[in-house]
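Chemist: Got a file for you: my_file36.cif, mmCIF, C-alpha atoms, pLDDT in the B column; chains and numbers go by the auth columns.
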```cif
data_run
loop_
_atom_site.group_PDB
_atom_site.id
_atom_site.type_symbol
_atom_site.label_atom_id
_atom_site.label_comp_id
_atom_site.label_asym_id
_atom_site.label_seq_id
_atom_site.Cartn_x
_atom_site.Cartn_y
_atom_site.Cartn_z
_atom_site.B_iso_or_equiv
_atom_site.auth_seq_id
_atom_site.auth_asym_id
ATOM 1 C CA MET A 1 0.000 0.000 0.000 57.00 1192 P
ATOM 2 C CA ARG A 2 2.780 2.399 0.897 56.00 1193 P
ATOM 3 C CA LYS A 3 4.643 1.654 -2.368 55.00 1194 P
ATOM 4 C CA THR A 4 1.460 2.335 -4.342 54.00 1195 P
ATOM 5 C CA PHE A 5 0.986 5.714 -2.623 52.00 1196 P
ATOM 6 C CA ILE A 6 4.604 6.726 -3.299 54.00 1197 P
ATOM 7 C CA LEU A 7 4.305 5.631 -6.933 51.00 1198 P
ATOM 8 C CA LEU A 8 1.072 7.625 -7.414 49.00 1199 P
ATOM 9 C CA ALA A 9 2.614 10.683 -5.761 51.00 1200 P
ATOM 10 C CA LEU A 10 5.664 10.500 -8.046 50.00 1201 P
ATOM 11 C CA LEU A 11 3.483 10.148 -11.131 47.00 1202 P
ATOM 12 C CA ALA A 12 1.332 13.095 -10.089 47.00 1203 P
ATOM 13 C CA PHE A 13 4.340 15.379 -9.591 47.00 1204 P
ATOM 14 C CA SER A 14 6.129 14.251 -12.736 42.00 1205 P
ATOM 15 C CA SER A 15 3.073 14.829 -14.925 40.00 1206 P
ATOM 16 C CA CYS A 16 2.732 18.497 -13.959 44.00 1207 P
ATOM 17 C CA ASP A 17 3.539 20.955 -16.709 50.00 1208 P
ATOM 18 C CA GLN A 18 6.183 23.237 -15.287 52.00 1209 P
ATOM 19 C CA VAL A 19 6.679 26.335 -17.398 58.00 1210 P
ATOM 20 C CA ASP A 20 9.640 28.496 -16.509 65.00 1211 P
ATOM 21 C CA CYS A 21 8.267 31.924 -17.398 68.00 1212 P
ATOM 22 C CA THR A 22 11.679 33.564 -17.213 59.00 1213 P
ATOM 23 C CA LEU A 23 12.907 31.475 -20.146 61.00 1214 P
ATOM 24 C CA TYR A 24 10.139 32.735 -22.397 53.00 1215 P
ATOM 25 C CA SER A 25 9.739 36.294 -21.189 62.00 1216 P
ATOM 26 C CA THR A 26 11.859 38.228 -23.687 74.00 1217 P
ATOM 27 C CA VAL A 27 10.061 39.549 -26.733 83.00 1218 P
ATOM 28 C CA SER A 28 12.607 41.505 -28.716 90.00 1219 P
ATOM 29 C CA TYR A 29 13.620 42.262 -32.270 94.00 1220 P
ATOM 30 C CA THR A 30 17.006 42.154 -33.961 95.00 1221 P
ATOM 31 C CA CYS A 31 18.433 44.695 -36.383 96.00 1222 P
ATOM 32 C CA GLY A 32 21.352 43.730 -38.609 96.00 1223 P
ATOM 33 C CA LEU A 33 23.776 46.371 -39.897 96.00 1224 P
ATOM 34 C CA TYR A 34 24.699 46.419 -43.592 95.00 1225 P
ATOM 35 C CA ALA A 35 26.835 48.460 -45.974 92.00 1226 P
ATOM 36 C CA ASP A 36 27.268 47.876 -49.699 90.00 1227 P
ATOM 37 C CA GLY A 37 24.843 44.931 -49.482 88.00 1228 P
ATOM 38 C CA SER A 38 26.888 42.944 -46.937 93.00 1229 P
ATOM 39 C CA SER A 39 26.763 42.567 -43.183 94.00 1230 P
ATOM 40 C CA VAL A 40 29.211 44.981 -41.581 93.00 1231 P
ATOM 41 C CA ALA A 41 30.646 45.374 -38.094 92.00 1232 P
ATOM 42 C CA LEU A 42 30.402 48.969 -36.929 88.00 1233 P
ATOM 43 C CA ASN A 43 33.811 50.048 -35.632 88.00 1234 P
ATOM 44 C CA ASP A 44 32.498 53.303 -34.180 91.00 1235 P
ATOM 45 C CA VAL A 45 30.598 53.601 -30.886 94.00 1236 P
ATOM 46 C CA LEU A 46 26.834 53.067 -31.129 95.00 1237 P
ATOM 47 C CA THR A 47 24.352 54.254 -28.504 95.00 1238 P
ATOM 48 C CA ILE A 48 20.584 53.834 -28.892 96.00 1239 P
ATOM 49 C CA THR A 49 17.947 55.670 -26.882 95.00 1240 P
ATOM 50 C CA ALA A 50 14.152 55.704 -26.986 93.00 1241 P
ATOM 51 C CA MET A 51 12.957 59.073 -28.269 91.00 1242 P
ATOM 52 C CA GLY A 52 11.107 61.131 -25.712 85.00 1243 P
ATOM 53 C CA THR A 53 12.519 59.222 -22.733 86.00 1244 P
ATOM 54 C CA ASP A 54 15.786 58.994 -20.858 86.00 1245 P
ATOM 55 C CA SER A 55 15.979 55.242 -21.555 88.00 1246 P
ATOM 56 C CA VAL A 56 19.282 54.042 -22.980 94.00 1247 P
ATOM 57 C CA LEU A 57 18.599 50.779 -24.799 93.00 1248 P
ATOM 58 C CA LEU A 58 22.153 50.144 -26.038 94.00 1249 P
ATOM 59 C CA ASN A 59 25.047 51.948 -24.389 96.00 1250 P
ATOM 60 C CA GLN A 60 28.309 52.615 -26.209 93.00 1251 P
ATOM 61 C CA ALA A 61 28.530 49.348 -28.119 93.00 1252 P
ATOM 62 C CA SER A 62 31.410 48.930 -30.535 91.00 1253 P
ATOM 63 C CA ASN A 63 32.319 46.335 -33.126 93.00 1254 P
ATOM 64 C CA VAL A 64 28.670 45.264 -33.509 94.00 1255 P
ATOM 65 C CA ASN A 65 27.027 43.946 -36.654 95.00 1256 P
ATOM 66 C CA ALA A 66 23.575 43.553 -35.064 95.00 1257 P
ATOM 67 C CA PHE A 67 21.681 44.551 -31.950 95.00 1258 P
ATOM 68 C CA THR A 68 18.600 43.252 -30.163 94.00 1259 P
ATOM 69 C CA LEU A 69 16.113 45.573 -28.480 94.00 1260 P
ATOM 70 C CA PRO A 70 12.827 45.168 -26.623 90.00 1261 P
ATOM 71 C CA MET A 71 9.615 46.568 -28.106 90.00 1262 P
ATOM 72 C CA SER A 72 7.139 48.704 -26.249 88.00 1263 P
ATOM 73 C CA MET A 73 4.152 46.761 -25.009 84.00 1264 P
ATOM 74 C CA THR A 74 1.252 48.933 -26.168 82.00 1265 P
ATOM 75 C CA MET A 75 2.484 51.784 -28.368 89.00 1266 P
ATOM 76 C CA GLU A 76 1.783 51.614 -32.098 94.00 1267 P
ATOM 77 C CA ALA A 77 5.327 52.722 -32.957 95.00 1268 P
ATOM 78 C CA ASP A 78 8.749 52.859 -31.332 94.00 1269 P
ATOM 79 C CA THR A 79 11.049 55.727 -32.281 96.00 1270 P
ATOM 80 C CA LEU A 80 14.731 55.168 -31.600 96.00 1271 P
ATOM 81 C CA VAL A 81 17.634 57.578 -31.782 96.00 1272 P
ATOM 82 C CA LEU A 82 20.870 55.982 -32.975 96.00 1273 P
ATOM 83 C CA TYR A 83 24.059 57.902 -32.110 95.00 1274 P
ATOM 84 C CA ILE A 84 27.329 56.999 -33.803 94.00 1275 P
ATOM 85 C CA GLU A 85 30.565 58.486 -32.482 93.00 1276 P
ATOM 86 C CA GLY A 86 33.900 58.087 -34.215 89.00 1277 P
ATOM 87 C CA ASP A 87 37.242 59.843 -34.451 90.00 1278 P
ATOM 88 C CA GLY A 88 36.339 63.520 -34.476 90.00 1279 P
ATOM 89 C CA TYR A 89 32.669 63.192 -35.378 89.00 1280 P
ATOM 90 C CA SER A 90 29.295 62.246 -34.045 93.00 1281 P
ATOM 91 C CA ILE A 91 26.070 61.797 -35.982 94.00 1282 P
ATOM 92 C CA TYR A 92 22.588 60.620 -35.161 95.00 1283 P
ATOM 93 C CA ASP A 93 19.648 59.182 -37.047 96.00 1284 P
ATOM 94 C CA THR A 94 16.151 58.221 -35.985 96.00 1285 P
ATOM 95 C CA LEU A 95 14.492 54.908 -36.702 96.00 1286 P
ATOM 96 C CA ARG A 96 10.715 54.580 -36.446 97.00 1287 P
ATOM 97 C CA VAL A 97 9.327 51.046 -36.167 97.00 1288 P
ATOM 98 C CA GLU A 98 5.560 50.862 -36.645 97.00 1289 P
ATOM 99 C CA LYS A 99 3.837 47.714 -35.425 96.00 1290 P
ATOM 100 C CA THR A 100 0.681 45.976 -34.316 94.00 1291 P
ATOM 101 C CA ASN A 101 0.441 44.344 -30.892 92.00 1292 P
ATOM 102 C CA GLN A 102 -1.081 40.929 -30.201 91.00 1293 P
ATOM 103 C CA PRO A 103 -1.521 39.590 -26.650 86.00 1294 P
ATOM 104 C CA HIS A 104 0.027 36.134 -26.253 84.00 1295 P
ATOM 105 C CA PHE A 105 -1.181 33.796 -23.508 80.00 1296 P
ATOM 106 C CA GLU A 106 1.184 30.933 -22.697 74.00 1297 P
ATOM 107 C CA SER A 107 0.155 29.514 -19.348 76.00 1298 P
ATOM 108 C CA PRO A 108 -1.870 30.443 -16.257 79.00 1299 P
ATOM 109 C CA ASP A 109 1.463 30.479 -14.411 78.00 1300 P
ATOM 110 C CA CYS A 110 2.939 33.157 -16.684 78.00 1301 P
ATOM 111 C CA PRO A 111 1.863 36.736 -17.372 76.00 1302 P
ATOM 112 C CA THR A 112 0.408 37.570 -20.773 78.00 1303 P
ATOM 113 C CA ARG A 113 3.121 38.710 -23.195 82.00 1304 P
ATOM 114 C CA MET A 114 2.773 40.926 -26.211 86.00 1305 P
ATOM 115 C CA PHE A 115 3.843 39.696 -29.648 92.00 1306 P
ATOM 116 C CA HIS A 116 4.193 42.215 -32.481 94.00 1307 P
ATOM 117 C CA THR A 117 4.032 42.451 -36.253 95.00 1308 P
ATOM 118 C CA ILE A 118 6.255 45.108 -37.830 97.00 1309 P
ATOM 119 C CA THR A 119 4.227 46.984 -40.440 97.00 1310 P
ATOM 120 C CA ARG A 120 6.641 49.748 -41.492 97.00 1311 P
ATOM 121 C CA VAL A 121 10.144 51.029 -40.743 97.00 1312 P
ATOM 122 C CA SER A 122 11.431 54.486 -41.655 96.00 1313 P
ATOM 123 C CA SER A 123 14.413 56.688 -40.806 96.00 1314 P
ATOM 124 C CA THR A 124 15.616 60.267 -41.168 95.00 1315 P
ATOM 125 C CA HIS A 125 18.433 59.202 -43.548 94.00 1316 P
ATOM 126 C CA ASN A 126 21.372 60.991 -41.932 94.00 1317 P
ATOM 127 C CA PHE A 127 23.533 57.849 -42.157 93.00 1318 P
ATOM 128 C CA ILE A 128 20.838 55.231 -42.783 95.00 1319 P
ATOM 129 C CA ASP A 129 20.325 54.728 -46.510 95.00 1320 P
ATOM 130 C CA SER A 130 17.429 52.269 -46.278 96.00 1321 P
ATOM 131 C CA THR A 131 15.736 49.667 -44.109 96.00 1322 P
ATOM 132 C CA VAL A 132 14.320 46.261 -44.985 96.00 1323 P
ATOM 133 C CA VAL A 133 11.897 44.222 -42.877 97.00 1324 P
ATOM 134 C CA THR A 134 13.221 40.670 -43.194 97.00 1325 P
ATOM 135 C CA ASN A 135 10.878 39.059 -40.654 97.00 1326 P
ATOM 136 C CA PRO A 136 7.876 41.097 -39.482 97.00 1327 P
ATOM 137 C CA GLN A 137 6.933 38.694 -36.661 95.00 1328 P
ATOM 138 C CA VAL A 138 8.423 39.696 -33.294 93.00 1329 P
ATOM 139 C CA ASN A 139 8.074 36.947 -30.705 89.00 1330 P
ATOM 140 C CA TYR A 140 10.391 34.635 -28.791 83.00 1331 P
ATOM 141 C CA ALA A 141 12.334 33.669 -31.939 85.00 1332 P
ATOM 142 C CA ASN A 142 15.872 35.019 -32.095 86.00 1333 P
ATOM 143 C CA VAL A 143 15.952 36.029 -35.779 93.00 1334 P
ATOM 144 C CA GLU A 144 16.869 39.151 -37.713 96.00 1335 P
ATOM 145 C CA ASN A 145 13.769 41.291 -38.164 97.00 1336 P
ATOM 146 C CA ILE A 146 15.179 44.464 -39.728 97.00 1337 P
ATOM 147 C CA GLN A 147 18.176 45.214 -41.924 97.00 1338 P
ATOM 148 C CA ILE A 148 19.635 48.707 -41.556 96.00 1339 P
ATOM 149 C CA HIS A 149 21.640 49.702 -44.622 96.00 1340 P
ATOM 150 C CA PHE A 150 24.166 52.526 -44.266 94.00 1341 P
ATOM 151 C CA TYR A 151 25.139 54.830 -47.113 90.00 1342 P
ATOM 152 C CA PRO A 152 28.062 53.443 -49.131 81.00 1343 P
ATOM 153 C CA VAL A 153 31.470 54.424 -47.819 68.00 1344 P
ATOM 154 C CA ASP A 154 33.614 56.206 -50.395 58.00 1345 P
#
```
Since I need it in another form, could you write the structure as structure tokens?

Modeler:
Amino acid sequence: MRKTFILLALLAFSSCDQVDCTLYSTVSYTCGLYADGSSVALNDVLTITAMGTDSVLLNQASNVNAFTLPMSMTMEADTLVLYIEGDGYSIYDTLRVEKTNQPHFESPDCPTRMFHTITRVSSTHNFIDSTVVTNPQVNYANVENIQIHFYPVD
């Protein structure tokens, strides 16, 4: 009888679905950096802030060819300010990412997350030549969503 109780207790605990919410909590998008049609590592210092806030999303990164950022939960667009500092110069550009927001329910144990679909990306074209949405779905997948193409270097 005691062995049966222990066996049933073990089966009950092993059959529970344990979701670790912290593993699935990051909804972010990735931007790849390109010049002359190829991926490029930016040798200058890159800082990214959210326009209209004092939030620094990426602080003084160097030698990067891509970056990953979180998206706002409820806004219809995120506007970022990208600052590039090099030897004797600094320049900035803005990147506006328009999107739709879809609530995503995973488990009663986890809070509802927000998935997004990128609908349009634009910039002020100070050093960004063009942008391409390569994967509009922003969810838990770690894939490139946007390509940022810089003006050709002469």

Chemist: Care to translate the PyMOL selection byres ((chain P and resi 1318) around 12) into actual residues of this file, as a short mmCIF file (atom, residue, chain, number, x, y, z; two decimals) with C-alpha atoms, keeping the file's coordinate frame?

Modeler:
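Okay, selection_36.cif is ready:
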```cif
data_model
loop_
_atom_site.label_atom_id
_atom_site.label_comp_id
_atom_site.auth_asym_id
_atom_site.auth_seq_id
_atom_site.Cartn_x
_atom_site.Cartn_y
_atom_site.Cartn_z
CA LEU P 1224 23.78 46.37 -39.90
CA TYR P 1225 24.70 46.42 -43.59
CA ALA P 1226 26.84 48.46 -45.97
CA VAL P 1272 17.63 57.58 -31.78
CA LEU P 1273 20.87 55.98 -32.98
CA TYR P 1274 24.06 57.90 -32.11
CA ILE P 1275 27.33 57.00 -33.80
CA GLU P 1276 30.56 58.49 -32.48
CA SER P 1281 29.30 62.25 -34.04
CA ILE P 1282 26.07 61.80 -35.98
CA TYR P 1283 22.59 60.62 -35.16
CA ASP P 1284 19.65 59.18 -37.05
CA THR P 1285 16.15 58.22 -35.98
CA LEU P 1286 14.49 54.91 -36.70
CA SER P 1314 14.41 56.69 -40.81
CA THR P 1315 15.62 60.27 -41.17
CA HIS P 1316 18.43 59.20 -43.55
CA ASN P 1317 21.37 60.99 -41.93
CA ILE P 1319 20.84 55.23 -42.78
CA ASP P 1320 20.32 54.73 -46.51
CA SER P 1321 17.43 52.27 -46.28
CA THR P 1322 15.74 49.67 -44.11
CA ILE P 1339 19.64 48.71 -41.56
CA HIS P 1340 21.64 49.70 -44.62
CA PHE P 1341 24.17 52.53 -44.27
CA TYR P 1342 25.14 54.83 -47.11
CA PRO P 1343 28.06 53.44 -49.13
CA VAL P 1344 31.47 54.42 -47.82
#
```

Chemist: What does the distance from atom CA of P:Val1288 to atom CA of P:Leu1249 come to in Å, to one decimal?

Modeler: 16.4 Å

Chemist: I need the residue nearest P:Ser1230 from this list: P:Thr1265, P:Gln1338, P:Gln1293, P:Thr1303. Use all atoms listed in the file for the distance.

Modeler: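 Answer, going by the shortest atom-to-atom distance: P:Gln1338.
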
Chemist: Rank P:Pro1302, P:Pro1327, P:Pro1294, P:Gly1277 by their smallest atom-to-atom distance to P:Asp1235, using only C-alpha atoms, and report the top residue only.

Modeler: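 Closest to P:Asp1235 of all the choices is P:Gly1277.
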
Chemist: Please tell me which residues are no farther than 8 Å from (6.3, 37.6, -36.4) in the file, counting all atoms listed in the file, and write them as a list of chain:residue names.

Modeler: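 With a cut-off of 8 Å, the residues come to P:Phe1306, P:His1307, P:Thr1308, P:Ile1309, P:Asn1326, P:Pro1327, P:Gln1328, P:Val1329, P:Asn1330.
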